[in-house]
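**Q** Got final-v2.tsv for you, TSV, C-alpha atoms and all ligand atoms:
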chain	number	residue	atom	x	y	z
E	20	MET	CA	154.16	226.46	89.73
E	21	LYS	CA	156.95	228.63	88.38
E	22	LYS	CA	159.75	229.40	90.80
E	23	THR	CA	160.38	233.07	91.50
E	24	VAL	CA	163.96	234.31	91.50
E	25	LEU	CA	165.03	237.77	92.58
E	26	VAL	CA	167.97	239.04	90.54
E	27	ALA	CA	169.54	241.99	92.35
E	28	GLY	CA	171.61	243.99	89.89
E	29	GLY	CA	169.71	242.39	87.02
E	30	ALA	CA	170.09	245.46	84.78
E	31	GLY	CA	173.88	245.13	84.74
E	32	TYR	CA	176.08	243.24	82.32
E	33	ILE	CA	176.16	239.77	83.87
E	34	GLY	CA	172.85	240.22	85.72
E	35	SER	CA	170.95	240.96	82.50
E	36	HIS	CA	172.30	237.75	80.92
E	37	MET	CA	171.10	235.91	84.02
E	38	VAL	CA	167.62	237.41	83.69
E	39	ALA	CA	167.44	236.40	80.00
E	40	LEU	CA	168.45	232.81	80.82
E	41	LEU	CA	165.98	232.47	83.71
E	42	ALA	CA	163.16	233.80	81.53
E	43	GLU	CA	164.15	231.37	78.76
E	44	ARG	CA	164.04	228.50	81.29
E	45	ASP	CA	160.58	229.51	82.44
E	46	TYR	CA	161.39	231.03	85.81
E	47	HIS	CA	159.44	233.99	87.11
E	48	VAL	CA	162.08	236.71	87.40
E	49	ILE	CA	161.99	239.80	89.58
E	50	VAL	CA	164.74	242.38	89.16
E	51	ALA	CA	165.92	244.94	91.70
E	52	ASP	CA	168.39	247.51	90.43
E	53	ASN	CA	169.17	251.13	91.27
E	54	LEU	CA	170.17	251.73	87.62
E	55	CYS	CA	173.38	253.49	88.73
E	56	THR	CA	175.40	251.45	86.28
E	57	GLY	CA	172.69	249.16	84.90
E	58	HIS	CA	170.39	249.81	81.94
E	59	ARG	CA	166.63	249.52	81.95
E	60	GLU	CA	166.77	248.32	78.30
E	61	ALA	CA	169.01	245.41	79.32
E	62	VAL	CA	166.26	243.79	81.37
E	63	LYS	CA	164.54	241.32	79.04
E	64	GLY	CA	161.90	238.85	80.15
E	65	ALA	CA	161.52	239.90	83.80
E	66	GLY	CA	158.10	239.92	85.44
E	67	LYS	CA	158.94	243.18	87.16
E	68	LEU	CA	161.79	245.64	87.51
E	69	TYR	CA	161.96	247.35	90.91
E	70	VAL	CA	164.12	250.46	90.76
E	71	GLY	CA	165.76	251.21	94.09
E	72	ASP	CA	168.73	250.59	96.32
E	73	ILE	CA	169.27	247.28	98.10
E	74	ARG	CA	170.43	249.20	101.18
E	75	ASP	CA	166.98	250.78	101.46
E	76	ARG	CA	164.98	248.52	103.80
E	77	ALA	CA	161.62	249.99	102.79
E	78	PHE	CA	162.48	249.20	99.16
E	79	LEU	CA	163.41	245.60	100.02
E	80	ASP	CA	160.21	245.23	102.05
E	81	ARG	CA	158.28	246.08	98.91
E	82	VAL	CA	160.26	243.60	96.78
E	83	PHE	CA	160.08	240.74	99.31
E	84	GLY	CA	156.57	241.60	100.49
E	85	GLU	CA	154.99	241.65	97.02
E	86	ASN	CA	156.62	238.42	95.79
E	87	GLN	CA	157.00	234.87	97.03
E	88	ILE	CA	160.74	234.67	96.38
E	89	ASP	CA	162.36	231.21	96.21
E	90	GLY	CA	165.96	232.32	95.76
E	91	VAL	CA	168.14	235.39	95.28
E	92	ILE	CA	170.98	235.92	92.83
E	93	ASN	CA	172.95	238.96	93.88
E	94	PHE	CA	174.91	240.90	91.25
E	95	ALA	CA	174.27	244.32	92.80
E	96	ALA	CA	177.74	245.75	93.42
E	97	CYS	CA	180.36	248.21	92.24
E	98	SER	CA	183.08	246.46	90.27
E	99	LEU	CA	185.80	248.90	89.19
E	100	VAL	CA	189.12	247.90	90.73
E	101	GLY	CA	190.76	251.32	90.26
E	102	GLU	CA	187.79	253.20	91.70
E	103	SER	CA	187.74	250.84	94.69
E	104	VAL	CA	191.30	251.89	95.53
E	105	GLN	CA	190.33	255.60	95.31
E	106	ASP	CA	187.08	255.24	97.23
E	107	PRO	CA	187.04	252.07	99.36
E	108	LEU	CA	184.11	253.23	101.50
E	109	LYS	CA	181.88	253.38	98.42
E	110	TYR	CA	182.74	249.69	97.89
E	111	TYR	CA	182.24	248.64	101.49
E	112	GLY	CA	178.91	250.49	101.43
E	113	ASN	CA	177.55	249.14	98.16
E	114	ASN	CA	179.03	245.67	98.21
E	115	VAL	CA	179.25	244.69	101.89
E	116	ALA	CA	176.44	246.74	103.44
E	117	GLY	CA	174.32	245.98	100.33
E	118	ALA	CA	174.78	242.23	100.80
E	119	GLN	CA	174.11	242.54	104.52
E	120	SER	CA	170.87	244.34	103.76
E	121	ILE	CA	169.66	241.69	101.29
E	122	LEU	CA	170.64	238.87	103.65
E	123	THR	CA	168.73	240.55	106.48
E	124	ALA	CA	165.62	240.71	104.31
E	125	MET	CA	166.12	237.07	103.29
E	126	LYS	CA	166.35	236.06	106.94
E	127	ASP	CA	163.21	238.06	107.80
E	128	TYR	CA	161.19	236.70	104.87
E	129	GLY	CA	162.46	233.12	105.17
E	130	VAL	CA	164.31	232.99	101.83
E	131	LYS	CA	167.02	230.34	102.08
E	132	LYS	CA	169.05	230.40	98.87
E	133	MET	CA	171.57	232.97	97.66
E	134	VAL	CA	173.84	232.77	94.63
E	135	PHE	CA	176.49	235.43	95.04
E	136	SER	CA	178.58	237.09	92.40
E	137	SER	CA	182.16	236.90	93.67
E	138	THR	CA	185.45	237.33	91.85
E	139	ALA	CA	188.91	235.95	91.14
E	140	ALA	CA	190.13	239.23	92.72
E	141	THR	CA	189.54	237.50	96.10
E	142	TYR	CA	192.80	235.59	95.49
E	143	GLY	CA	195.05	238.60	94.91
E	144	GLU	CA	198.48	237.53	93.67
E	145	PRO	CA	198.00	233.77	93.15
E	146	GLU	CA	200.21	231.14	94.74
E	147	LYS	CA	200.01	228.85	91.72
E	148	GLN	CA	198.21	228.19	88.43
E	149	PRO	CA	195.55	227.07	87.81
E	150	ILE	CA	193.98	228.63	90.89
E	151	GLU	CA	191.87	226.34	93.09
E	152	GLU	CA	189.17	227.43	95.52
E	153	GLY	CA	191.21	226.41	98.56
E	154	ASP	CA	194.20	228.56	97.56
E	155	ARG	CA	195.20	231.58	99.63
E	156	THR	CA	192.88	234.57	99.42
E	157	ASP	CA	194.68	237.87	99.92
E	158	PRO	CA	193.02	240.56	97.79
E	159	THR	CA	195.21	243.38	96.53
E	160	ASN	CA	192.37	245.91	96.20
E	161	PRO	CA	189.19	246.91	98.07
E	162	TYR	CA	186.96	245.45	95.34
E	163	GLY	CA	188.32	241.94	95.98
E	164	ALA	CA	188.35	242.58	99.74
E	165	THR	CA	184.65	243.50	99.78
E	166	LYS	CA	183.69	240.38	97.82
E	167	LEU	CA	185.74	238.23	100.19
E	168	ALA	CA	184.08	239.94	103.16
E	169	VAL	CA	180.66	239.00	101.77
E	170	GLU	CA	181.79	235.39	101.31
E	171	GLY	CA	182.60	235.41	105.04
E	172	MET	CA	179.21	236.92	105.86
E	173	LEU	CA	177.53	234.19	103.82
E	174	LYS	CA	179.36	231.44	105.68
E	175	TRP	CA	178.15	232.69	109.06
E	176	CYS	CA	174.61	233.38	107.82
E	177	ASP	CA	174.44	229.79	106.61
E	178	ARG	CA	175.37	228.53	110.08
E	179	ALA	CA	173.13	230.91	111.98
E	180	TYR	CA	170.05	231.21	109.76
E	181	GLY	CA	170.30	228.28	107.36
E	182	ILE	CA	170.66	230.54	104.32
E	183	HIS	CA	172.53	228.33	101.84
E	184	TYR	CA	174.79	229.96	99.31
E	185	ALA	CA	176.98	229.49	96.29
E	186	ALA	CA	179.71	232.11	95.93
E	187	LEU	CA	180.89	232.15	92.33
E	188	ARG	CA	184.35	233.56	91.67
E	189	TYR	CA	184.37	234.84	88.12
E	190	PHE	CA	187.45	235.14	86.03
E	191	ASN	CA	187.18	237.42	82.93
E	192	ALA	CA	183.58	237.65	81.73
E	193	ALA	CA	183.04	238.67	78.10
E	194	GLY	CA	180.72	238.11	75.12
E	195	SER	CA	177.02	238.86	74.73
E	196	ASN	CA	173.66	237.28	73.96
E	197	PRO	CA	172.86	238.25	70.36
E	198	GLU	CA	169.42	236.56	70.37
E	199	ALA	CA	168.31	238.55	73.41
E	200	GLY	CA	170.01	241.70	72.07
E	201	ILE	CA	171.99	242.37	75.24
E	202	GLY	CA	175.69	242.98	75.82
E	203	GLU	CA	178.35	244.89	77.72
E	204	ASP	CA	177.92	248.64	78.21
E	205	HIS	CA	180.06	250.16	80.95
E	206	ASP	CA	180.83	253.83	81.38
E	207	PRO	CA	183.75	254.18	81.70
E	208	GLU	CA	184.81	250.98	79.97
E	209	SER	CA	188.02	249.50	81.29
E	210	HIS	CA	187.92	245.87	80.14
E	211	LEU	CA	190.11	244.55	77.40
E	212	ILE	CA	187.62	242.86	75.02
E	213	PRO	CA	185.10	245.73	74.80
E	214	LEU	CA	187.95	248.22	74.36
E	215	VAL	CA	189.39	246.09	71.55
E	216	MET	CA	185.91	246.08	69.94
E	217	LYS	CA	185.67	249.85	70.22
E	218	THR	CA	189.08	250.11	68.55
E	219	ALA	CA	187.86	247.84	65.72
E	220	LEU	CA	184.88	250.19	65.31
E	221	GLY	CA	187.25	253.16	64.98
E	222	GLN	CA	186.00	254.75	68.22
E	223	ARG	CA	189.54	254.60	69.62
E	224	GLU	CA	192.77	255.15	67.74
E	225	HIS	CA	194.49	252.14	69.23
E	226	ILE	CA	194.27	249.59	71.99
E	227	GLY	CA	196.93	249.99	74.67
E	228	ILE	CA	198.76	246.82	75.69
E	229	PHE	CA	199.50	247.30	79.37
E	230	GLY	CA	203.05	245.95	79.59
E	231	GLU	CA	204.97	243.40	77.50
E	232	ASP	CA	207.62	242.46	80.03
E	233	TYR	CA	205.62	239.94	82.05
E	234	PRO	CA	207.00	236.41	82.47
E	235	THR	CA	204.54	234.93	79.94
E	236	ARG	CA	204.88	233.41	76.45
E	237	ASP	CA	204.67	236.77	74.64
E	238	GLY	CA	205.35	239.13	77.55
E	239	THR	CA	201.70	240.26	77.93
E	240	CYS	CA	199.33	239.29	80.75
E	241	ILE	CA	197.39	236.06	80.55
E	242	ARG	CA	193.75	235.87	81.65
E	243	ASP	CA	191.00	233.27	81.64
E	244	TYR	CA	188.09	234.56	79.53
E	245	ILE	CA	184.67	233.08	80.08
E	246	HIS	CA	181.51	233.61	78.02
E	247	VAL	CA	178.85	235.55	79.94
E	248	ARG	CA	176.21	232.99	78.85
E	249	ASP	CA	178.30	230.18	80.34
E	250	LEU	CA	178.50	232.24	83.54
E	251	ALA	CA	174.72	232.62	83.63
E	252	GLU	CA	174.28	228.86	83.15
E	253	ALA	CA	176.59	228.22	86.11
E	254	HIS	CA	174.41	230.42	88.34
E	255	LEU	CA	171.33	228.48	87.40
E	256	LEU	CA	173.07	225.16	88.10
E	257	ALA	CA	174.25	226.57	91.43
E	258	LEU	CA	170.71	227.61	92.35
E	259	GLU	CA	169.39	224.15	91.41
E	260	HIS	CA	172.22	222.55	93.41
E	261	LEU	CA	171.23	224.57	96.50
E	262	GLU	CA	167.61	223.60	95.97
E	263	LYS	CA	168.49	219.90	95.73
E	264	THR	CA	171.23	219.53	98.32
E	265	GLY	CA	171.27	222.64	100.54
E	266	GLU	CA	175.06	222.42	100.38
E	267	SER	CA	176.81	225.76	100.29
E	268	GLY	CA	180.09	226.24	98.44
E	269	ILE	CA	182.57	228.48	96.68
E	270	PHE	CA	183.28	227.84	93.00
E	271	ASN	CA	185.63	229.25	90.40
E	272	LEU	CA	184.00	230.08	87.10
E	273	GLY	CA	186.59	230.11	84.36
E	274	SER	CA	187.46	228.15	81.24
E	275	GLY	CA	190.70	226.70	82.59
E	276	THR	CA	192.55	228.16	79.60
E	277	GLY	CA	194.53	231.39	79.49
E	278	TYR	CA	195.04	233.84	76.62
E	279	SER	CA	197.48	236.71	76.47
E	280	VAL	CA	196.52	240.30	75.65
E	281	ARG	CA	198.21	239.91	72.26
E	282	GLU	CA	196.28	236.69	71.57
E	283	ILE	CA	193.01	238.47	72.31
E	284	ILE	CA	193.87	241.27	69.90
E	285	GLU	CA	194.91	238.74	67.23
E	286	THR	CA	191.65	236.79	67.65
E	287	ALA	CA	189.69	240.03	67.38
E	288	ARG	CA	191.51	240.95	64.14
E	289	LYS	CA	190.49	237.60	62.64
E	290	VAL	CA	186.87	237.79	63.85
E	291	THR	CA	186.26	241.41	62.84
E	292	GLY	CA	188.48	241.59	59.75
E	293	LYS	CA	189.69	244.97	61.07
E	294	GLU	CA	193.25	246.08	61.55
E	295	ILE	CA	192.93	247.08	65.27
E	296	PRO	CA	196.07	249.17	65.89
E	297	ALA	CA	197.81	248.30	69.16
E	298	LYS	CA	200.49	250.15	71.13
E	299	VAL	CA	202.54	248.92	74.05
E	300	GLU	CA	201.99	251.08	77.11
E	301	PRO	CA	203.30	250.89	80.70
E	302	ARG	CA	202.04	248.18	83.03
E	303	ARG	CA	198.81	248.87	84.90
E	304	GLY	CA	199.40	248.77	88.66
E	305	GLY	CA	198.23	245.64	90.47
E	306	ASP	CA	197.90	243.34	87.44
E	307	PRO	CA	199.11	239.79	88.21
E	308	SER	CA	200.88	238.25	85.18
E	309	ILE	CA	198.69	235.16	84.94
E	310	LEU	CA	195.21	234.29	86.24
E	311	ILE	CA	193.79	230.92	85.20
E	312	ALA	CA	190.97	229.09	86.97
E	313	SER	CA	190.76	225.49	87.87
E	314	ASN	CA	187.11	224.76	87.09
E	315	GLN	CA	187.22	221.17	88.34
E	316	LYS	CA	185.11	221.84	91.42
E	317	ALA	CA	182.28	223.48	89.45
E	318	ALA	CA	182.41	220.56	87.02
E	319	ALA	CA	182.34	217.91	89.76
E	320	VAL	CA	179.76	219.49	92.09
E	321	LEU	CA	177.54	221.61	89.83
E	322	GLY	CA	177.99	219.65	86.59
E	323	TRP	CA	179.09	222.87	84.86
E	324	THR	CA	181.52	223.04	81.99
E	325	PRO	CA	181.81	226.07	79.75
E	326	LYS	CA	180.52	225.44	76.22
E	327	ARG	CA	181.82	228.49	74.40
E	328	GLY	CA	185.45	229.17	73.49
E	329	LEU	CA	187.37	232.36	72.79
E	330	GLY	CA	186.26	232.54	69.13
E	331	GLU	CA	182.59	232.61	70.15
E	332	ILE	CA	183.26	235.05	72.99
E	333	VAL	CA	184.89	237.55	70.64
E	334	ALA	CA	182.37	236.94	67.83
E	335	ASP	CA	179.44	237.59	70.19
E	336	ALA	CA	181.16	240.67	71.61
E	337	TRP	CA	181.59	241.92	68.04
E	338	THR	CA	177.92	241.28	67.17
E	339	TRP	CA	176.89	243.37	70.17
E	340	HIS	CA	179.37	246.23	69.73
E	341	SER	CA	179.01	246.52	65.95
E	342	GLY	CA	175.20	246.44	66.27
E	343	HIS	CA	175.15	248.86	69.23
E	344	PRO	CA	178.12	251.20	68.71
E	345	ASN	CA	176.81	253.44	71.48
E	346	GLY	CA	175.69	250.61	73.76
E	347	TYR	CA	172.15	250.93	75.06
E	348	GLY	CA	172.27	254.59	74.04
E	349	GLY	CA	171.57	253.53	70.41
E	401	LIG	N1	194.45	245.31	79.36
E	401	LIG	C1	195.21	245.94	78.38
E	401	LIG	N2	194.72	247.08	77.82
E	401	LIG	C2	193.52	247.62	78.14
E	401	LIG	C3	192.72	246.95	79.13
E	401	LIG	C4	193.23	245.80	79.72
E	401	LIG	O1	196.32	245.50	78.07
E	401	LIG	O2	193.15	248.65	77.58
E	401	LIG	C5	194.96	244.07	79.97
E	401	LIG	C6	195.05	244.12	81.49
E	401	LIG	O3	196.31	244.61	81.89
E	401	LIG	C7	194.84	242.64	81.86
E	401	LIG	C8	193.94	242.11	80.74
E	401	LIG	O4	194.04	243.05	79.68
E	401	LIG	O5	196.05	241.96	81.80
E	401	LIG	C9	192.48	241.99	81.16
E	401	LIG	O6	192.11	243.21	81.77
E	401	LIG	P1	190.61	243.56	82.13
E	401	LIG	O7	190.59	244.95	82.67
E	401	LIG	O8	189.74	243.25	80.96
E	401	LIG	O9	190.23	242.50	83.26
E	401	LIG	P2	190.93	242.15	84.67
E	401	LIG	O10	191.82	240.97	84.40
E	401	LIG	O11	191.66	243.35	85.17
E	401	LIG	O12	189.77	241.78	85.52
Please express the file's structure as structure tokens.
**A**
Amino acid sequence: MKKTVLVAGGAGYIGSHMVALLAERDYHVIVADNLCTGHREAVKGAGKLYVGDIRDRAFLDRVFGENQIDGVINFAACSLVGESVQDPLKYYGNNVAGAQSILTAMKDYGVKKMVFSSTAATYGEPEKQPIEEGDRTDPTNPYGATKLAVEGMLKWCDRAYGIHYAALRYFNAAGSNPEAGIGEDHDPESHLIPLVMKTALGQREHIGIFGEDYPTRDGTCIRDYIHVRDLAEAHLLALEHLEKTGESGIFNLGSGTGYSVREIIETARKVTGKEIPAKVEPRRGGDPSILIASNQKAAAVLGWTPKRGLGEIVADAWTWHSGHPNGYGG
């Protein structure tokens, strides 16, 4: 019999890629999403889309009551760092209370596996590079703090209720799934690669480079970009690992390689054949100079290694943005 997986936040950017992969691998997929930032059109291959808020217990009773759920993958969260600083309670509400609500339903309905969407922002300013899972976690914004709080909640729920979990700390997700026709559509958009794509399309006059006086090879910040399809594959491996071993864990999901802002823009110029004007602007507050993942633990325990490099990430981002200049709006 097909396994049933609940993807909370499955209409969002990473969640929708997860849904497409699960459907491709013959899972029965149920999506719960309040469509605040997600898109109905992004949900491809799900058995059912439940529209509602994960903090609404009556809504969760419907989702868990009508389906025999084997495992939950939780992407339902707010993820804008700047907004989290302005409105931390929104983040504690959506991200922490949201996770608590789903875990309570899991406990009540006897669902024992959760793959949780965490973030490299749990580390804050890193002690060293590449960053390992055991390194200090000291988030510098409420977004990272709420994700770290949920990791703590998961640890105690594992001990008390036997809900096993994998918390996956993403580095910089990018790219798209051209075959499924899904990609990144945030409003407002704040991430580098989609903004570079919009500049290539002529929707923006230039891309701002936020600071060129960092202690890096060309003075611009270095990040670890990971293809969204590789991310989705890691979630599936994590779910299978929980199924097989029942061993909970925290894993970095990154490529292990860093690229500077200038290198991203240069790659995008090659891939798109467009000029992509760039202008140096002041630093953005709170940006560490370098964030690179060690992905050794995910390789050793989950058997995950990313298959797609920067060229494919940018090429797939370009396929999505050039084919959908207004995102899911047409
Ligand atoms: N960045 C930039 N210009 C932009 C957006 C981002 O120079 O218009 C830089 C940002 O300072 C960071 C990197 O690009 O060093 C990646 O930023 P993004 O917001 O995509 O992801 P983050 O690393 O903040 O999660």
**Q** Could you tell me, counting only C-alpha atoms and all ligand atoms, which protein and nucleic acid residues lie no more than 9 Å from ligand LIG 401 (chain E), written as a VMD selection string?
**A** chain E and resid 99 to 100 138 to 140 190 to 193 208 to 215 226 to 231 239 to 244 279 to 281 283 299 to 300 302 to 310
**Q** Taking only C-alpha atoms into account, which of E:Phe270, E:Tyr184, E:Trp175, E:Tyr233 comes nearest Phe135 of chain E?
**A**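 Closest candidate: E:Tyr184.
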**Q** Atom CA of Pro145 of chain E and atom CA of Asn271 of chain E are how many Å apart?
**A**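 One can read the atom CA of Pro145 of chain E to atom CA of Asn271 of chain E distance as 13.5 Å.
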**Q** From the options E:Gly275, E:Pro301, E:Gly238, E:Pro325, which residue's atoms come nearest to Pro149 of chain E, counting all atoms listed in the file?
**A**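 When distances to Pro149 of chain E are compared using all atoms listed in the file, the smallest one comes from E:Gly275.
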**Q** Kindly indicate which residue among E:Val333, E:Leu108, E:Ile269, E:Ala257 lies nearest to Thr141 of chain E, using all atoms listed in the file for the distances.
**A**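 Closest candidate: E:Ile269.
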**Q** So what do you get for atom CA of Glu151 of chain E versus atom CA of Ala287 of chain E, distance-wise?
**A**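 These two atoms are separated by 29.2 Å.
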**Q** Which is closest to Arg248 of chain E among E:Ile332, E:Ala77, E:Ala297, E:Ile121, if we use all atoms listed in the file?
**A** E:Ile332
**Q** Can you pull out every residue within 9 Å of Lys21 of chain E, counting only C-alpha atoms, but drop anything in the same chain fewer than 5 positions away, and send it as number ranges by chain?
**A** E: 45-47
**Q** Quick one: residues within 12 Å of Ala185 of chain E, all atoms listed in the file counted, chain neighbours fewer than 2 positions away excluded, as a ChimeraX atom specification?
**A** /E:90-93,131-137,169-171,173-174,177,182-183,187-188,253-262,264-272,317,320-321
**Q** Got a sec: who's within 8 Å of segment 66-69 of chain E, counting all atoms listed in the file, leaving out chain neighbours fewer than 5 positions off, as a ChimeraX atom specification?
**A** /E:47-52,82
**Q** Of the candidates E:Ala251, E:Leu40, E:Ile245, E:Ala65, which shows the shortest atom-to-atom distance to Gly330 of chain E, using all atoms listed in the file?
**A** E:Ile245
**Q** Could you rebuild segment 305-327 of chain E with N, CA and C atoms and give it back as a compact mmCIF listing (two decimals), keeping the file's coordinate frame?
**A**
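Output file part32.txt is given in full below:
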# COMPACT_ATOMS: atom_id res chain seq x y z
N GLY E 305 199.05 246.67 89.84
CA GLY E 305 198.23 245.64 90.47
C GLY E 305 197.80 244.49 89.58
N ASP E 306 198.28 244.45 88.33
CA ASP E 306 197.90 243.34 87.44
C ASP E 306 198.80 242.12 87.66
N PRO E 307 198.28 241.00 88.16
CA PRO E 307 199.11 239.79 88.21
C PRO E 307 199.41 239.33 86.77
N SER E 308 200.54 238.63 86.56
CA SER E 308 200.88 238.25 85.18
C SER E 308 199.93 237.20 84.63
N ILE E 309 199.54 236.25 85.45
CA ILE E 309 198.69 235.16 84.94
C ILE E 309 197.56 234.87 85.94
N LEU E 310 196.35 234.74 85.42
CA LEU E 310 195.21 234.29 86.24
C LEU E 310 194.45 233.25 85.44
N ILE E 311 194.53 232.00 85.88
CA ILE E 311 193.79 230.92 85.20
C ILE E 311 193.07 230.11 86.27
N ALA E 312 191.80 229.82 86.01
CA ALA E 312 190.97 229.09 86.97
C ALA E 312 191.14 227.59 86.81
N SER E 313 191.12 226.91 87.92
CA SER E 313 190.76 225.49 87.87
C SER E 313 189.24 225.47 87.97
N ASN E 314 188.57 224.83 87.01
CA ASN E 314 187.11 224.76 87.09
C ASN E 314 186.63 223.35 87.44
N GLN E 315 187.54 222.56 88.01
CA GLN E 315 187.22 221.17 88.34
C GLN E 315 186.09 221.05 89.37
N LYS E 316 186.11 221.96 90.35
CA LYS E 316 185.11 221.84 91.42
C LYS E 316 183.70 222.13 90.86
N ALA E 317 183.59 223.17 90.05
CA ALA E 317 182.28 223.48 89.45
C ALA E 317 181.82 222.34 88.55
N ALA E 318 182.76 221.70 87.88
CA ALA E 318 182.41 220.56 87.02
C ALA E 318 181.91 219.40 87.87
N ALA E 319 182.66 219.08 88.94
CA ALA E 319 182.34 217.91 89.76
C ALA E 319 181.05 218.11 90.56
N VAL E 320 180.89 219.29 91.16
CA VAL E 320 179.76 219.49 92.09
C VAL E 320 178.51 220.02 91.37
N LEU E 321 178.71 220.98 90.48
CA LEU E 321 177.54 221.61 89.83
C LEU E 321 177.22 220.97 88.47
N GLY E 322 178.18 220.22 87.93
CA GLY E 322 177.99 219.65 86.59
C GLY E 322 178.12 220.72 85.52
N TRP E 323 178.92 221.75 85.80
CA TRP E 323 179.09 222.87 84.86
C TRP E 323 180.40 222.76 84.09
N THR E 324 180.30 222.83 82.78
CA THR E 324 181.52 223.04 81.99
C THR E 324 181.19 224.07 80.94
N PRO E 325 182.09 225.02 80.73
CA PRO E 325 181.81 226.07 79.75
C PRO E 325 181.71 225.48 78.34
N LYS E 326 180.75 226.00 77.56
CA LYS E 326 180.52 225.44 76.22
C LYS E 326 181.12 226.30 75.12
N ARG E 327 181.46 227.54 75.46
CA ARG E 327 181.82 228.49 74.40
C ARG E 327 183.27 228.93 74.54
